[in-house]
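S.K.: Dropping a structure here in structure tokens format, bear with me for questions.
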Amino acid sequence: MKRAKASSLLLFLVLCLIILAAFSTIEARKHHGKKIKMHKNKKSRNGDATLAPAPSPLANSGPPVFNILSFGARANGVSDDSKALLKAWKSACNVTGGIVEIPVGLEFLIKPLTLQGPCRPNLVLQIDGTLLAPSKIWSSPKSSLYQWMNFKWLQNFTIKGVGTVDGQGSNWWASSQPNQKKPKRIPGIKPTALRFYKSSDIKVNDISIINSPLCHLKFDDSKGVKVKNVTISAPENSPNTDGIHLQNSHDVEILHSDIGTGDDCVSIQTGCSNIHVHHINCGPGHGISIGGLGKDKRVACVSNVLVESIAMSGTLYGARIKTWQGGQGSVKNVTFSDIQATDVKVPIIIDQYYCDKNVCKNQTGAVSISGVRFDRIRGTYAAQPIHLACSSSVPCIDVELIGVELEPSARYGGFQAAMCWNSYGKTWGRLAPACMDYCVRSGSDVVRRISRSREGRCW
């Protein structure tokens, strides 16, 4: 009897414990549900629901984009959007793969500025809209006269997009335009549109650059540069508006682009080596040039240049090397190959008497020129097929003419005969006109020693 009562009491206690545990669990769930409901119904002061912090972007969510509009740009082509661009740049500069976005269909007035590094890798300036330089001539600060947009100390940087960079240079050109009203004051220095300084692994793709006051795209003291599929244009009578200007730069490739300006389509200056220019439509302009080099008796050095697969139409010159009298240094290992000339005034030219004035002082000595090959240059000339004016004191050596076939332009007549002076080398294949076969002579060791004595401190 006592055992039965004890068993009943024990069973009752167990049941009580089970009921108590179940009740506690239900209450806990209710309380947790109320907290969640309160969190969901909590409102911010402006009436929007407060959300939990967003998770960090996933690795495959795409690169971070910094739209210039988000930084206060007005995008009306009149208000100054320079500060907005600088803010967007500084934000993107600190993020790997950051993109500064210039949106399509809008115009942004940008005053002279510098966009500088160092930045995190793979920074991009995506230009799909239009960047406008001030239409009025500016004169201060003086440093801004050298360039409108200055990019410096950058690595792994790309400019790309379907947009336009417009230098609005017509007022700057006015001093040389006879029928145009001239501004009261035009500074002696004119700005380049886009300039890179001390930068490496740079790409410029797809954009258009137009109407720069001076050079359109310039690379100073840079290396590892690739310019592809760009369009550069300015009126034929716009002075000194080189398309692409290289100086003290190495390992540069320029390809698949259309360039037509008032000066050289591509200008290769002192300190350049390992330059490859190919598949370019050039014209109007002054052709593709090395130089001028050696001004004011300076040392100038250019080497390892390949220019090939070029179409030149209506240009003043074609393949050109130009040096000042009295200079030192050397130009060597240069090839101009597979160039189609259409109504080019002088398709082939070496000019060691270059002068940008009416009269220049005669000087002895010159930059040494050697190892220059003109290969398969064909088409029509408007004035003279070839002009090799090498220095009387420092002859050009190892000059090769290979399969050059040029005939007078039906439109202009080609009224001047070939001119060749103090040039030594070889000819190969068919040459037309046939007089070019006598343009280069066999040189002696004495000639080589004279030429190489002027190489100066290049290498």
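In the structure tokens, the first chain shown is A, the next is B, and so on; residue numbers restart at 1 for each chain, and ligands run from 1 in the order shown.
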Could you go through stretch 262-452 of chain A and tell me which residues DSSP, when run on the backbone, assigns to alpha helix (DSSP H), listing them as a PDB file with C-alpha atoms, in the first residue's frame?

M.R.:
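Everything below was put into states11.pdb:
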ATOM      1  CA  ASP A 445      84.382  52.875 -92.318  1.00  0.00           C
ATOM      2  CA  VAL A 446      85.385  56.521 -92.219  1.00  0.00           C
ATOM      3  CA  VAL A 447      81.769  57.571 -92.779  1.00  0.00           C
ATOM      4  CA  ARG A 448      80.607  55.257 -89.984  1.00  0.00           C
ATOM      5  CA  ARG A 449      83.149  56.633 -87.546  1.00  0.00           C
ATOM      6  CA  ILE A 450      82.097  60.193 -88.294  1.00  0.00           C
ATOM      7  CA  SER A 451      78.437  59.369 -87.731  1.00  0.00           C
ATOM      8  CA  ARG A 452      78.980  57.437 -84.510  1.00  0.00           C
TER       9      ARG A 452
END

S.K.: Could you name the residues that touch stretch 205-213 of chain A at 7 Å or less, counting only C-alpha atoms, but leaving out those on the same chain fewer than 4 positions away, as a PyMOL selection string?

M.R.: chain A and resi 159-169+172-173+190-193+227-234+241

S.K.: Between A:Lys83, A:Arg298, A:Lys111, A:Lys226, which is the closest to A:Ile275 once you count only C-alpha atoms?

M.R.: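 With only C-alpha atoms as the atom set, the closest residue is A:Lys226.
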
S.K.: Within 7 Å of A:Arg320, counting only C-alpha atoms, which residues qualify if same-chain residues fewer than 5 places away don't, as a PyMOL selection string?

M.R.: chain A and resi 288-290+348-350

S.K.: So which residues touch stretch 314-317 of chain A within 6 Å, counting only C-alpha atoms, skipping near sequence neighbours fewer than 2 positions away, as a list in words?

M.R.: Gly283, Pro284, Gly285, His286, Gly287, Asp343, Val344, Lys345, Val346 and Pro347 of chain A

S.K.: So that I can see what lies close to A:Ile110, please list as a list in words the residues with an atom at most 9 Å from it, counting only C-alpha atoms and leaving out residues fewer than 5 positions away in the same chain.

M.R.: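 Here the qualifying residues turn out to be Gly77, Ser79, Asp80, Asp81, Ser82, Lys83, Leu85, Leu131, Leu132, Ala133, Pro134, Trp148 and Met149 of chain A.
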
S.K.: So which bits of stretch 151-288 of chain A end up strand (DSSP E) when you DSSP the backbone, as a VMD selection string?

M.R.: chain A and resid 151 to 152 155 to 160 164 to 166 192 to 197 200 to 205 208 to 210 217 to 220 223 to 228 231 to 233 244 to 247 250 to 260 266 to 268 272 to 282 288

S.K.: Of the candidates A:Val367, A:Cys396, A:Ala434, A:Leu154, which shows the shortest atom-to-atom distance to A:Gln325, using only C-alpha atoms?

M.R.: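 When distances to A:Gln325 are compared using only C-alpha atoms, the smallest one comes from A:Val367.
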
S.K.: Find, counting only C-alpha atoms, the residue in A:Val372, A:Arg195, A:Trp324, A:Arg74 that gets nearest to A:Val299.

M.R.: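 Between A:Val372, A:Arg195, A:Trp324, A:Arg74, the residue approaching A:Val299 most closely is A:Trp324.
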
S.K.: Any idea what the distance is between atom CA of A:Tyr146 and atom CA of A:Ala366?

M.R.: 28.9 Å

S.K.: Mind giving me the straight-line distance from atom CA of A:Leu401 to atom CA of A:Thr342 in Å, one decimal?

M.R.: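 Interatomic distance, atom CA of A:Leu401 to atom CA of A:Thr342: 19.1 Å.
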
S.K.: Need the shell around A:Ser442: protein/DNA/RNA residues with any atom at most 7 Å away, counting only C-alpha atoms. Skip same-chain ones fewer than 6 positions apart. Format as a tab-separated table (two decimals) with all heavy atoms, in the first residue's frame?

M.R.:
chain	number	residue	atom	x	y	z
A	424	TYR	N	73.82	57.23	-96.69
A	424	TYR	CA	74.53	56.00	-97.05
A	424	TYR	C	73.71	54.79	-96.61
A	424	TYR	O	73.09	54.81	-95.55
A	424	TYR	CB	75.91	55.97	-96.40
A	424	TYR	CG	76.84	57.03	-96.90
A	424	TYR	CD1	76.80	58.33	-96.36
A	424	TYR	CD2	77.77	56.77	-97.90
A	424	TYR	CE1	77.65	59.32	-96.81
A	424	TYR	CE2	78.63	57.76	-98.36
A	424	TYR	CZ	78.56	59.03	-97.82
A	424	TYR	OH	79.41	60.01	-98.27
A	425	GLY	N	73.73	53.74	-97.44
A	425	GLY	CA	72.99	52.53	-97.09
A	425	GLY	C	72.79	51.62	-98.27
A	425	GLY	O	73.67	51.49	-99.14
A	426	LYS	N	71.59	51.01	-98.38
A	426	LYS	CA	71.32	50.05	-99.44
A	426	LYS	C	69.89	50.21	-99.94
A	426	LYS	O	69.02	50.74	-99.25
A	426	LYS	CB	71.49	48.62	-98.92
A	426	LYS	CG	72.89	48.26	-98.47
A	426	LYS	CD	72.94	46.84	-97.94
A	426	LYS	CE	74.34	46.46	-97.47
A	426	LYS	NZ	74.39	45.07	-96.92

S.K.: So how many Å separate atom CA of A:Ile186 and atom CA of A:Ser140, to one decimal?

M.R.: 12.1 Å

S.K.: For A:Cys282, which residue among A:Asn237, A:Gln340, A:Gln247, A:Ser139 is the nearest when counting only C-alpha atoms?

M.R.: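 So, comparing all the options, the nearest one is A:Gln340.
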
S.K.: Smallest atom-to-atom distance to A:Thr270: which of A:Ile244, A:Leu113, A:Val331, A:Leu214, using only C-alpha atoms?

M.R.: A:Val331
